[in-house]
Number of protein chains: 2
Amino acid sequence: MTNKKYVYNFKNAYGLGKELLGGKGAGLAEMTHVGIPIPQGFTITTEACTLYYNSKKKIPEFLVKDIFEHIKKLEKETGKKFGGDHNPLLVSVRSGARQSMPGMMDTILNLGLNDITVSALARETGNERFAFDCYRRFILMFTNIAKGHPRTEMDKMLDELKEKKGYKLDTQVTTGELRQLVYQYKQYYKKVFKEEFPIDPKVQLIEAIAAVFRSWDNPRANVYRKMNNIPYEWGTAVNVQSMAFGNKGDTSGTGVAFSRSPSTGEKKVFAEYLPNAQGEDVVAGIRTPLHIEELKARMPKVYKQFMETIKKMESHYKDMQDMEFTVEDGKLYFLQTRNGKRTAGAALKIACDLVDEGVISKEEAVLRVEPNALNTLLHPGFDVSELKKIKPAVVGLPASPGAGVGKIAFTAEEAEERHKNGEKVVLCRAETSPEDIVGMVSSEAILTMRGGMTSHAAVVARGMGKCCVAGCSNAKIDEEKRTVTINGKKYTDKDTLSIDGSTGNVYVGAIKTVAPSLSGHFARLMEWADKARTLRVRANADTPRDAKQAAKFGAEGIGLCRTEHMFFAEDRIFHMRKMILSDTTEARVEALKKLLPYQKKDFYELYLAMEGKNVNIRLLDPPLHEFLPQEEDKIEELADALHLSVNQIKARIDSLHEFNPMMGHRGCRLDVSYPEIGKMQATAIVEAALAAQKKLKKPITCEIMIPLILDVKEFRYVKDIIEETAKDIIKKSGQKLELHVGNMIEIPRAALLAGEIAKESKFFSFGTNDLTQMTYGFSRDDAGKFLPDYYDTKIFEQDPFASVDQRGVGKLIAMAVKDGKAHNKNIHFGVCGEHGGDPVSIEFFHNVGLDYVSCSPFRVPVARLAAAQAAIKAKRANKKK
Amino acid sequence: MTNKKYVYNFKNAYGLGKELLGGKGAGLAEMTHVGIPIPQGFTITTEACTLYYNSKKKIPEFLVKDIFEHIKKLEKETGKKFGGDHNPLLVSVRSGARQSMPGMMDTILNLGLNDITVSALARETGNERFAFDCYRRFILMFTNIAKGHPRTEMDKMLDELKEKKGYKLDTQVTTGELRQLVYQYKQYYKKVFKEEFPIDPKVQLIEAIAAVFRSWDNPRANVYRKMNNIPYEWGTAVNVQSMAFGNKGDTSGTGVAFSRSPSTGEKKVFAEYLPNAQGEDVVAGIRTPLHIEELKARMPKVYKQFMETIKKMESHYKDMQDMEFTVEDGKLYFLQTRNGKRTAGAALKIACDLVDEGVISKEEAVLRVEPNALNTLLHPGFDVSELKKIKPAVVGLPASPGAGVGKIAFTAEEAEERHKNGEKVVLCRAETSPEDIVGMVSSEAILTMRGGMTSHAAVVARGMGKCCVAGCSNAKIDEEKRTVTINGKKYTDKDTLSIDGSTGNVYVGAIKTVAPSLSGHFARLMEWADKARTLRVRANADTPRDAKQAAKFGAEGIGLCRTEHMFFAEDRIFHMRKMILSDTTEARVEALKKLLPYQKKDFYELYLAMEGKNVNIRLLDPPLHEFLPQEEDKIEELADALHLSVNQIKARIDSLHEFNPMMGHRGCRLDVSYPEIGKMQATAIVEAALAAQKKLKKPITCEIMIPLILDVKEFRYVKDIIEETAKDIIKKSGQKLELHVGNMIEIPRAALLAGEIAKESKFFSFGTNDLTQMTYGFSRDDAGKFLPDYYDTKIFEQDPFASVDQRGVGKLIAMAVKDGKAHNKNIHFGVCGEHGGDPVSIEFFHNVGLDYVSCSPFRVPVARLAAAQAAIKAKRANKKK
């Protein structure tokens, strides 16, 4: 039928790669190659999994034949017989995907047992209890996993027995009782499936392999893949391996081991050992494993071999290893090994230690730390020992990492007020709006009941590096009555909450927090990363506070300063509203004059905070109606202040209403309609730059960014306003000033016509949030309603707002970069959407030729590391070519 | 300074093209070449105009020098002297753009006159009165045009004089009085400009040329260009031509002539003659010209030469000519000629006649008719003779052509009711909404007070070919009190209005209408067009009525049947709403079952109406909230009918609210969330196709189109629903059915990933409305607020929704076609946005390789003709290569 090889013996599989063998299969092949003692067996490839799904979930006949041929070989190697009435071969059947998905897919152990082999096994090991325990476990697993039936009833049978007999541990169950259980299980199987339990090991094997293939598509695996960006197409391999028995008595056992501490990185083997047990007991947590010293005490020779092999493995794999092992009658087997998962702190220490030990290069060390993991190191966290003592009252979405403790505040004004009075508060809202920003700054943490990971609260909080739990729908808030209800209990402004933005946990009462440390291993690794990367990293920051935070985290400039946030402060919003409600250009100019000093001061302080590093300031972007009040009382207030009637104000608000604000009168379109706005902002920016230049005594490059450009004529029109305004001011100042006017590329048309625009523009900054929205034709605010259906149906496997869509949006970016460069070789390219802080996206941006990414201050270290990894990977890929 | 030649003598300019010489200049060069008597002169090129604007609105020195060298040559040719004290050379200075813009730019005559030359002219022509009349006119024009000062005061001086003397005609003014006027004019000039009137003809000339260049940028020229898609960059040429004097006495005169009738196309010279006058008198309408027989009577020899020359010109230009001529002292000069503007009816007759006369080929005839002009022939119109007797009461936007007469109806229900009772009504609304559609169908015409050319009323009316005037903001409607107020007068449901959708005119009272004729010249030309074109033309039609209309107009199928309009009828909307408000899939399926028979019947009738031609049916597209009621009373009604509380319904309406409905939960996203909707629609379509196939006794290709696709997996998901549904039904029917499932390309990402999608899809239909919105990042509903600013600032020169944006949106289309074809060579490409009926866009679609366009039924003939022209032009362009 086909010449493709779908099954490989471990001994013949070394070097075929994880793509084909899966991580576990490749590991077993490699271990065999290195000479580590493992139970022998064979791997059925990931391609076989694809074949299975393409064959309507059937294993084709030729493959079945091939599998049995490998069973024959295994019989020869082990001297055991599959289904034999003496010396029976028992095997494990395990999944093994290209990337480890711990606990997500299925495993069946002890396969090959039936009424005949169980007797042989009992006889030959002299341990009848063990044999029937295996048999019992196997029937349970086969029923549950291969046949997909819940294990509840069968578990109940064991529990009832133990209760009846007063047993605490499974090991107390006698042989006779186990035999009885086997009988009960088989009866139950027959009742459920209307057929006898299959006694043919071959039937057992094929059903088990199919079950593992099917487990690739189970709900928890799908969720895990979505969270970890693992494509559905990959499929899983299956490893069939002869069993090693850890439950043969006191000289047997099983365990897991880390070659270094996965929590701290300490250079010391961390292992646990469970005597007289199989591996599943450890994983399932049925019995509590013992310290590895137990093994040393019981079998010092085995322990010595164990420690030596671990050393050998680490020096082979050059990374901290996570292993499973079994001792069968005093003989040591390693069942698997993989690079161990570790905390961010451990990752840093291990990477640095391995460099110091001369095991890996600095570049390799940079690759060893997952950039996103750094996130947890940059924010204060709760004291781990305190967390062990308390349970969360309710759990929401981990919207912005960090830990915050304070009394409940119900409005932004209240939060600000109480903060001024020295109180620590947590702002609790149904959801937040732009008017809440000042209150958010004043709070230790933010808790919202509605909205997802991309809600206003979440986005703004991440921007400020403020701890936030969003969409905590199991807590109810009554903003009028000023209560938060959790589990039926009401909390008021007298109550304290502790919010964990990294987990989404919300605790009642105060928990001790610990501050982050940016020195030591962190500082060393970041230094190596900075040497390796070519992509520059800037921050999105609108305030001197954010700017300073960004600089502390190593930002090389500001890539996006949004000017709109500056208009919401109480002393400014009035003038802003007056400007918007003006009927004539003159009145608008008058109101803008009032705003000018505020803007100038904001920019001046931003320049000072960045000490001469580039600050890229974007002109006003949102539609004007966002600045107008919605509530009746605020409209009345405004009417009074402006000497207008409420109806006049309402009429203007009405006239500014938009059907699709996302696609409305905003961005540079405002400057086209009201050039005086652009003129005021240009004046403020240039005057601030000149003043800062004088103060800092170093030259500043003044970058002004025009949003929402879609045509070169439009760009030229707004650029002319800026440059003409600037010319006069610069001339008057007697100073020199380098002025760079560029634009965002966030509308598909701008990407399509990038060449023309590039001729006039100093830089392109890709606004990948809007570009994604326009390219996909859905707005982020609305997509929440149907995206879950897209994940369920596997149309989407990841959120295009979290990681840039390389095929679609990325194609536009690549086109624009190529076309832009062709028409202006001095142009600079950056990105200032949220993707600028996403490691996968950053690698894409590096490869596509951008000059910098800009992200929220707290993402800066993540971006620096990701940029370094991208550069190293690209260098290595180039070398390979 | 430069080697470029900016000035050409007419004799040396033949063949240089309109781009350089402008239409008028090229015409003068060609006339000279053909041997037609014209006053000699030279052309200053359009490039000089660009140079002028690039030189800060100054004519560079080297160009001034060149102009004067050409004046010297002209002096030699004419034997006259510029500024000479005997035999003075006088010239006209006229604009001449690449494309004719009649009356939009400026002309100065009699240039070169001053106190010295006027005397010489008087002396040498023996006509002092004539000389001073020229001088008077020249001062007036120079002041008004070259200096940009209003002519009001100077006109008043003449009027006051005539009144004082009791003169009726300008010709009654005496020489002495003219001399006195010249003095008065010069005094006035001095008062206004604080300097003497320039006596140096060279100064006069350069100022006049600059004035013509400047006139390219005057407001009326800008408006004209916008209406006619003429790029601002083109610039105008300037023609300096020696004057021929039609006002030298009774053997002089001037006139205009058409070689055939511009109103009917009749093959007969249509000319008017004005003795003893200059051309401007004819154009300005100051004096009423006489029939050309007058020339025959006065100067038979000149008349004979005139008629012979016209024949010569028509046989040279092979088209109906529009000419200006002057007779100076019995000598005939033609001042200009151009292809004459004509009515649509005349265009058809002339094109057919020229073919019959053997002058042009049928292909050439097809090129001779402006496709958009056909529009006026397809709808009933008002009787022209009746229109002369009545003035419009008010004018709105000409939203959908045609003429309609009826009594005022204020609601859709009322319109329907009165229509049923045999009354003719005009539906008057502030604006219309989808619920008004049935009422619109029942009305003779629609009049709205708000909304533009792309408002709901306008778009729907154009779709149905129903006469509509929209945005008639000078009429006020009080829907509650049931009155329409025009010019302060109130009209009620007893009053009759006559609506002209081609002009926007609204008349009070009834005007006789005339029916369109689709036979004769129209039928002949369309037959030739159909032979020439390769692009197929389909119609967008949702009802059998529209489908039949489309078929009558020659549609080769339906390219877009929107299924959503079908849900608004009273007997269906209830089930639709019930479906939307369902909590469970089961309840939804139940409600959909009720809708199925309606949908099936609609589709069945559509198939029958198209008699087996392809009908492309699109799955439900709009967001569901569009189907829910907004008004309190309708919500209550619905709550009653559904046995739900008003609050429950409101909560559901709330939950369906979208921030940007344009980018929300609609199109195929509905089928992903609710596959049962797609299943119901597929069932209805396939069952209808099978039934229609049986009835018609011919096979039907069943085309189903999935809207808003952005990914191949999404397409596959919805296609699978359709195909699996269809498979069962087809199998059960025992018939065969060709089922083609394809998709719209209306989201940028779909265009970017077209290759992948093409592998699975039978056809792409470009939805250029949405594709334009997404590519530009603005919604059509909101863009109205800022687009005027974009036109004013010349960032946009045309409406991207009227004619497809070839550079941006067109690039996406071209990419998608190329990529699609590369991955599926059998795929078909069409367009079903409104651009499918726009001739300029159709040419682009032809060139980019689409297979068909689909447009509203009344645009079908326009599209057929445009498609033919595109094919012929492309063929010719290919030959040239």
# chains A, B, ... in the order shown; residues from 1 in each chain; ligands from 1

$ closest_atom_pairs --of "chain B" --to "chain A" --cutoff "7 Å" --atoms "only C-alpha atoms" --output "tab-separated table"
residue	atom	partner	partner_atom	distance
B:Glu658	CA	A:Asp782	CA	5.9
B:Phe659	CA	A:Asp782	CA	6.4
B:Asn660	CA	A:Asn660	CA	4.3
B:Pro661	CA	A:Asn660	CA	6.6
B:Met662	CA	A:Asn660	CA	6.6
B:Met663	CA	A:Phe778	CA	4.1
B:Gly664	CA	A:Asp782	CA	5.4
B:His665	CA	A:Phe786	CA	6.5
B:Val672	CA	A:Asp789	CA	6.6
B:Ser673	CA	A:Asp789	CA	5.7
B:Leu710	CA	A:Tyr776	CA	6.4
B:Lys713	CA	A:Ile795	CA	5.3
B:Glu714	CA	A:Ile795	CA	5.5
B:Ile747	CA	A:Gly777	CA	5.7
B:Pro748	CA	A:Thr775	CA	5.0
B:Arg749	CA	A:Thr775	CA	5.1
B:Leu752	CA	A:Gly808	CA	5.9
B:Leu753	CA	A:Gly808	CA	6.5
B:Met774	CA	A:Met774	CA	5.4
B:Thr775	CA	A:Pro748	CA	5.0
B:Tyr776	CA	A:Arg749	CA	5.7
B:Gly777	CA	A:Met663	CA	5.3
B:Phe778	CA	A:Met663	CA	4.1
B:Ser779	CA	A:Met663	CA	5.3
B:Asp781	CA	A:Phe659	CA	6.6
B:Asp782	CA	A:Gly664	CA	5.4
B:Ala783	CA	A:Gly664	CA	6.4
B:Phe786	CA	A:His665	CA	6.5
B:Asp789	CA	A:Ser673	CA	5.7
B:Ile795	CA	A:Lys713	CA	5.3
B:Gly808	CA	A:Arg749	CA	5.4

$ write_last_selection --atoms "N, CA, C and O atoms" --output "short mmCIF file (atom, residue, chain, number, x, y, z; two decimals), in the first residue's frame"
data_model
loop_
_atom_site.label_atom_id
_atom_site.label_comp_id
_atom_site.auth_asym_id
_atom_site.auth_seq_id
_atom_site.Cartn_x
_atom_site.Cartn_y
_atom_site.Cartn_z
N GLU B 658 -23.74 45.49 19.33
CA GLU B 658 -22.34 45.45 18.90
C GLU B 658 -21.76 46.85 18.82
O GLU B 658 -22.45 47.80 18.46
N PHE B 659 -20.48 46.97 19.15
CA PHE B 659 -19.81 48.26 19.09
C PHE B 659 -19.60 48.67 17.64
O PHE B 659 -19.76 49.81 17.26
N ASN B 660 -19.21 47.71 16.83
CA ASN B 660 -18.96 47.95 15.41
C ASN B 660 -19.66 46.85 14.60
O ASN B 660 -19.02 45.88 14.21
N PRO B 661 -20.95 47.02 14.38
CA PRO B 661 -21.73 45.94 13.75
C PRO B 661 -21.16 45.48 12.41
O PRO B 661 -21.22 44.30 12.07
N MET B 662 -20.59 46.42 11.70
CA MET B 662 -19.90 46.16 10.43
C MET B 662 -18.83 45.07 10.60
O MET B 662 -18.54 44.31 9.69
N MET B 663 -18.20 45.03 11.77
CA MET B 663 -17.11 44.10 12.01
C MET B 663 -17.50 43.11 13.09
O MET B 663 -16.67 42.70 13.90
N GLY B 664 -18.75 42.75 13.11
CA GLY B 664 -19.23 41.95 14.21
C GLY B 664 -19.61 40.53 13.84
O GLY B 664 -19.02 39.92 12.95
N HIS B 665 -20.64 40.05 14.53
CA HIS B 665 -21.08 38.67 14.40
C HIS B 665 -22.06 38.58 13.24
O HIS B 665 -23.27 38.68 13.42
N VAL B 672 -21.03 29.54 11.70
CA VAL B 672 -20.10 28.85 12.59
C VAL B 672 -20.73 28.72 13.98
O VAL B 672 -20.67 27.66 14.60
N SER B 673 -21.39 29.78 14.43
CA SER B 673 -22.03 29.74 15.76
C SER B 673 -23.31 28.92 15.73
O SER B 673 -23.62 28.21 16.68
N LEU B 710 -12.76 34.50 5.89
CA LEU B 710 -11.42 35.04 6.15
C LEU B 710 -10.35 33.96 6.27
O LEU B 710 -9.18 34.26 6.44
N LYS B 713 -10.13 27.32 6.62
CA LYS B 713 -10.77 26.37 7.54
C LYS B 713 -12.22 26.77 7.80
O LYS B 713 -13.09 25.93 7.96
N GLU B 714 -12.43 28.07 7.88
CA GLU B 714 -13.76 28.60 8.09
C GLU B 714 -14.63 28.26 6.87
O GLU B 714 -15.77 27.81 7.00
N ILE B 747 -13.12 40.52 2.78
CA ILE B 747 -12.28 40.81 3.94
C ILE B 747 -10.84 40.74 3.45
O ILE B 747 -10.49 39.79 2.73
N PRO B 748 -10.01 41.73 3.77
CA PRO B 748 -8.65 41.73 3.23
C PRO B 748 -7.93 40.40 3.41
O PRO B 748 -7.25 39.92 2.50
N ARG B 749 -8.12 39.76 4.57
CA ARG B 749 -7.39 38.53 4.82
C ARG B 749 -7.74 37.45 3.79
O ARG B 749 -6.90 36.64 3.42
N LEU B 752 -5.71 38.06 0.86
CA LEU B 752 -4.30 37.74 1.09
C LEU B 752 -4.06 36.23 1.08
O LEU B 752 -2.97 35.78 0.74
N LEU B 753 -5.07 35.46 1.48
CA LEU B 753 -4.91 34.00 1.56
C LEU B 753 -5.77 33.30 0.51
O LEU B 753 -6.23 32.16 0.70
N MET B 774 -13.14 47.79 4.54
CA MET B 774 -12.09 47.20 5.39
C MET B 774 -10.71 47.68 4.94
O MET B 774 -9.83 47.89 5.77
N THR B 775 -10.52 47.79 3.64
CA THR B 775 -9.20 48.17 3.14
C THR B 775 -8.90 49.63 3.47
O THR B 775 -7.75 49.98 3.75
N TYR B 776 -9.93 50.46 3.47
CA TYR B 776 -9.76 51.87 3.83
C TYR B 776 -9.90 52.08 5.34
O TYR B 776 -9.60 53.16 5.84
N GLY B 777 -10.44 51.08 6.01
CA GLY B 777 -10.66 51.26 7.44
C GLY B 777 -11.68 52.33 7.76
O GLY B 777 -11.58 52.99 8.78
N PHE B 778 -12.63 52.56 6.84
CA PHE B 778 -13.74 53.40 7.27
C PHE B 778 -15.06 52.82 6.81
O PHE B 778 -15.13 52.16 5.79
N SER B 779 -16.07 53.06 7.64
CA SER B 779 -17.37 52.52 7.30
C SER B 779 -18.11 53.59 6.52
O SER B 779 -18.01 54.79 6.80
N ASP B 781 -21.15 54.26 6.42
CA ASP B 781 -22.14 55.00 7.19
C ASP B 781 -21.52 56.18 7.92
O ASP B 781 -22.20 57.15 8.23
N ASP B 782 -20.25 56.07 8.25
CA ASP B 782 -19.61 57.12 9.04
C ASP B 782 -18.75 58.06 8.20
O ASP B 782 -18.49 59.19 8.58
N ALA B 783 -18.31 57.56 7.05
CA ALA B 783 -17.35 58.33 6.25
C ALA B 783 -17.96 59.63 5.75
O ALA B 783 -17.23 60.60 5.47
N PHE B 786 -16.52 62.83 7.18
CA PHE B 786 -15.21 63.43 6.88
C PHE B 786 -14.84 63.40 5.41
O PHE B 786 -13.92 64.10 5.00
N ASP B 789 -14.31 66.72 3.70
CA ASP B 789 -13.01 67.36 4.00
C ASP B 789 -11.92 66.77 3.13
O ASP B 789 -10.96 67.44 2.76
N ILE B 795 -7.26 65.34 -1.02
CA ILE B 795 -6.65 64.04 -0.69
C ILE B 795 -7.37 62.96 -1.50
O ILE B 795 -6.74 62.08 -2.06
N GLY B 808 -5.36 50.44 -4.37
CA GLY B 808 -5.35 49.74 -3.08
C GLY B 808 -6.23 48.49 -3.11
O GLY B 808 -5.74 47.36 -3.14
#

$ closest_residue --among "A:Leu592, A:Val426, A:Ala457, A:Ile499" --to "Val394 in chain A" --atoms "only C-alpha atoms"
A:Ile499

$ residues_around --residues "Arg151 in chain B" --least-positions-apart "4" --cutoff "12 Å" --atoms "only C-alpha atoms" --output "PDB file with N, CA and C atoms, in the first residue's frame"
ATOM      1  N   ARG B 137     -14.625  95.712 -23.674  1.00  0.00           N
ATOM      2  CA  ARG B 137     -14.755  94.313 -23.275  1.00  0.00           C
ATOM      3  C   ARG B 137     -13.441  93.778 -22.684  1.00  0.00           C
ATOM      4  N   PHE B 138     -12.353  94.141 -23.348  1.00  0.00           N
ATOM      5  CA  PHE B 138     -11.056  93.639 -22.899  1.00  0.00           C
ATOM      6  C   PHE B 138     -10.720  94.135 -21.490  1.00  0.00           C
ATOM      7  N   ILE B 139     -10.936  95.418 -21.253  1.00  0.00           N
ATOM      8  CA  ILE B 139     -10.641  95.952 -19.914  1.00  0.00           C
ATOM      9  C   ILE B 139     -11.490  95.216 -18.860  1.00  0.00           C
ATOM     10  N   LEU B 140     -12.754  95.029 -19.234  1.00  0.00           N
ATOM     11  CA  LEU B 140     -13.667  94.330 -18.331  1.00  0.00           C
ATOM     12  C   LEU B 140     -13.151  92.909 -18.022  1.00  0.00           C
ATOM     13  N   MET B 141     -12.808  92.145 -19.071  1.00  0.00           N
ATOM     14  CA  MET B 141     -12.332  90.768 -18.889  1.00  0.00           C
ATOM     15  C   MET B 141     -11.017  90.708 -18.134  1.00  0.00           C
ATOM     16  N   PHE B 142     -10.126  91.628 -18.487  1.00  0.00           N
ATOM     17  CA  PHE B 142      -8.811  91.622 -17.845  1.00  0.00           C
ATOM     18  C   PHE B 142      -8.963  91.879 -16.342  1.00  0.00           C
ATOM     19  N   THR B 143      -9.797  92.861 -16.025  1.00  0.00           N
ATOM     20  CA  THR B 143     -10.023  93.201 -14.620  1.00  0.00           C
ATOM     21  C   THR B 143     -10.654  92.018 -13.883  1.00  0.00           C
ATOM     22  N   ASN B 144     -11.658  91.502 -14.568  1.00  0.00           N
ATOM     23  CA  ASN B 144     -12.416  90.425 -13.931  1.00  0.00           C
ATOM     24  C   ASN B 144     -11.614  89.121 -13.839  1.00  0.00           C
ATOM     25  N   ILE B 145     -11.005  88.719 -14.952  1.00  0.00           N
ATOM     26  CA  ILE B 145     -10.378  87.396 -14.994  1.00  0.00           C
ATOM     27  C   ILE B 145      -8.902  87.420 -14.591  1.00  0.00           C
ATOM     28  N   ALA B 146      -8.121  88.277 -15.285  1.00  0.00           N
ATOM     29  CA  ALA B 146      -6.686  88.257 -14.979  1.00  0.00           C
ATOM     30  C   ALA B 146      -6.429  88.802 -13.577  1.00  0.00           C
ATOM     31  N   LYS B 147      -7.195  89.830 -13.166  1.00  0.00           N
ATOM     32  CA  LYS B 147      -6.965  90.413 -11.847  1.00  0.00           C
ATOM     33  C   LYS B 147      -7.912  89.845 -10.782  1.00  0.00           C
ATOM     34  N   ASP B 155     -20.279  96.260 -15.012  1.00  0.00           N
ATOM     35  CA  ASP B 155     -21.530  95.931 -15.701  1.00  0.00           C
ATOM     36  C   ASP B 155     -22.589  96.995 -15.405  1.00  0.00           C
ATOM     37  N   LYS B 156     -22.571  97.449 -14.147  1.00  0.00           N
ATOM     38  CA  LYS B 156     -23.547  98.459 -13.739  1.00  0.00           C
ATOM     39  C   LYS B 156     -23.381  99.729 -14.565  1.00  0.00           C
ATOM     40  N   MET B 157     -22.115 100.107 -14.829  1.00  0.00           N
ATOM     41  CA  MET B 157     -21.856 101.327 -15.597  1.00  0.00           C
ATOM     42  C   MET B 157     -22.530 101.252 -16.963  1.00  0.00           C
ATOM     43  N   LEU B 158     -22.419 100.071 -17.632  1.00  0.00           N
ATOM     44  CA  LEU B 158     -23.044  99.890 -18.943  1.00  0.00           C
ATOM     45  C   LEU B 158     -24.569  99.929 -18.809  1.00  0.00           C
ATOM     46  N   TYR B 185     -14.077 102.743 -16.999  1.00  0.00           N
ATOM     47  CA  TYR B 185     -13.494 101.459 -16.602  1.00  0.00           C
ATOM     48  C   TYR B 185     -12.064 101.648 -16.098  1.00  0.00           C
ATOM     49  N   TYR B 188     -11.938 103.280 -12.796  1.00  0.00           N
ATOM     50  CA  TYR B 188     -12.343 102.310 -11.786  1.00  0.00           C
ATOM     51  C   TYR B 188     -11.191 101.354 -11.454  1.00  0.00           C
ATOM     52  N   TYR B 189     -10.492 100.886 -12.518  1.00  0.00           N
ATOM     53  CA  TYR B 189      -9.338  99.990 -12.365  1.00  0.00           C
ATOM     54  C   TYR B 189      -8.295 100.619 -11.454  1.00  0.00           C
ATOM     55  N   VAL B 192      -9.379 100.756  -7.830  1.00  0.00           N
ATOM     56  CA  VAL B 192      -9.334  99.453  -7.161  1.00  0.00           C
ATOM     57  C   VAL B 192      -7.911  98.985  -6.915  1.00  0.00           C
TER      58      VAL B 192
END

$ atom_distance --atom1 "CA of Gly235 in chain A" --atom2 "CA of Trp216 in chain A"
6.6 Å

$ residues_around --residues "range 518-534 of chain B" --least-positions-apart "2" --cutoff "8 Å" --atoms "only C-alpha atoms" --output "short mmCIF file (atom, residue, chain, number, x, y, z; two decimals) with C-alpha atoms, in the first residue's frame"
data_model
loop_
_atom_site.label_atom_id
_atom_site.label_comp_id
_atom_site.auth_asym_id
_atom_site.auth_seq_id
_atom_site.Cartn_x
_atom_site.Cartn_y
_atom_site.Cartn_z
CA LEU B 348 -27.20 55.77 -29.97
CA LYS B 349 -28.62 57.12 -33.23
CA CYS B 352 -25.76 53.49 -35.55
CA LYS B 362 -19.53 48.40 -35.08
CA GLU B 363 -16.81 48.13 -32.45
CA ALA B 365 -19.81 52.51 -32.48
CA VAL B 366 -19.83 50.60 -29.21
CA LEU B 377 -33.01 55.58 -21.29
CA LEU B 378 -33.98 52.70 -19.01
CA PRO B 516 -38.46 54.00 -21.97
CA ARG B 536 -20.38 38.21 -18.38
CA ASP B 851 -15.31 36.27 -15.38
CA PRO B 861 -27.27 47.39 -19.87
CA ARG B 864 -22.91 45.16 -20.80
CA LEU B 865 -21.81 48.22 -22.74
CA ALA B 867 -17.77 45.40 -20.53
CA ALA B 868 -17.77 45.60 -24.32
CA GLN B 869 -15.78 48.83 -24.28
CA ALA B 870 -13.30 47.32 -21.87
CA ALA B 871 -12.80 44.31 -24.15
CA ILE B 872 -12.36 46.46 -27.25
#

$ closest_residue --among "A:Ala866, A:Thr171, A:Lys162, A:Leu181" --to "Glu843 in chain A" --atoms "only C-alpha atoms"
A:Ala866

$ residues_around --residues "Arg98 in chain B" --least-positions-apart "2" --cutoff "10 Å" --atoms "only C-alpha atoms" --output "list in words"
Gly17, Lys18, Glu19, Leu20, Leu21, Gly22, Gly23, Lys24, Gly25, Ala26, Thr46, Gly96, Ser100, Met101, Ile230, Trp234, Gly235, Thr236 and Ala237 of chain B

$ atom_distance --atom1 "CA of Tyr8 in chain B" --atom2 "CA of Glu233 in chain B"
21.1 Å

$ select_by_dssp --residues "range 525-623 of chain B" --states "strand (DSSP E)" --output "count of residues only"
16

$ select_by_dssp --residues "range 39-282 of chain B" --states "alpha helix (DSSP H)" --output "ChimeraX atom specification"
/B:46-54,61-78,115-125,128-141,152-165,175-193,201-215,219-228,279-282

$ residues_around --residues "Val256 in chain B" --least-positions-apart "2" --cutoff "9 Å" --atoms "only C-alpha atoms" --output "VMD selection string"
chain B and resid 254 258 270 to 273 279 282 322 to 326

$ residues_around --residues "range 727-738 of chain B" --least-positions-apart "2" --cutoff "12 Å" --atoms "only C-alpha atoms" --output "MDAnalysis selection string"
chainID B and resid 614 679:680 682:694 697:704 719:725 740:741 762

$ closest_residue --among "B:Leu90, B:Met440, B:Glu435, B:Leu606" --to "Phe627 in chain B" --atoms "only C-alpha atoms"
B:Glu435

$ atom_distance --atom1 "CA of Ile745 in chain A" --atom2 "CA of Lys601 in chain A"
28.2 Å

$ closest_residue --among "A:Lys388, A:Arg859, A:Phe42, A:Gln204" --to "Ser400 in chain A" --atoms "only C-alpha atoms"
A:Arg859
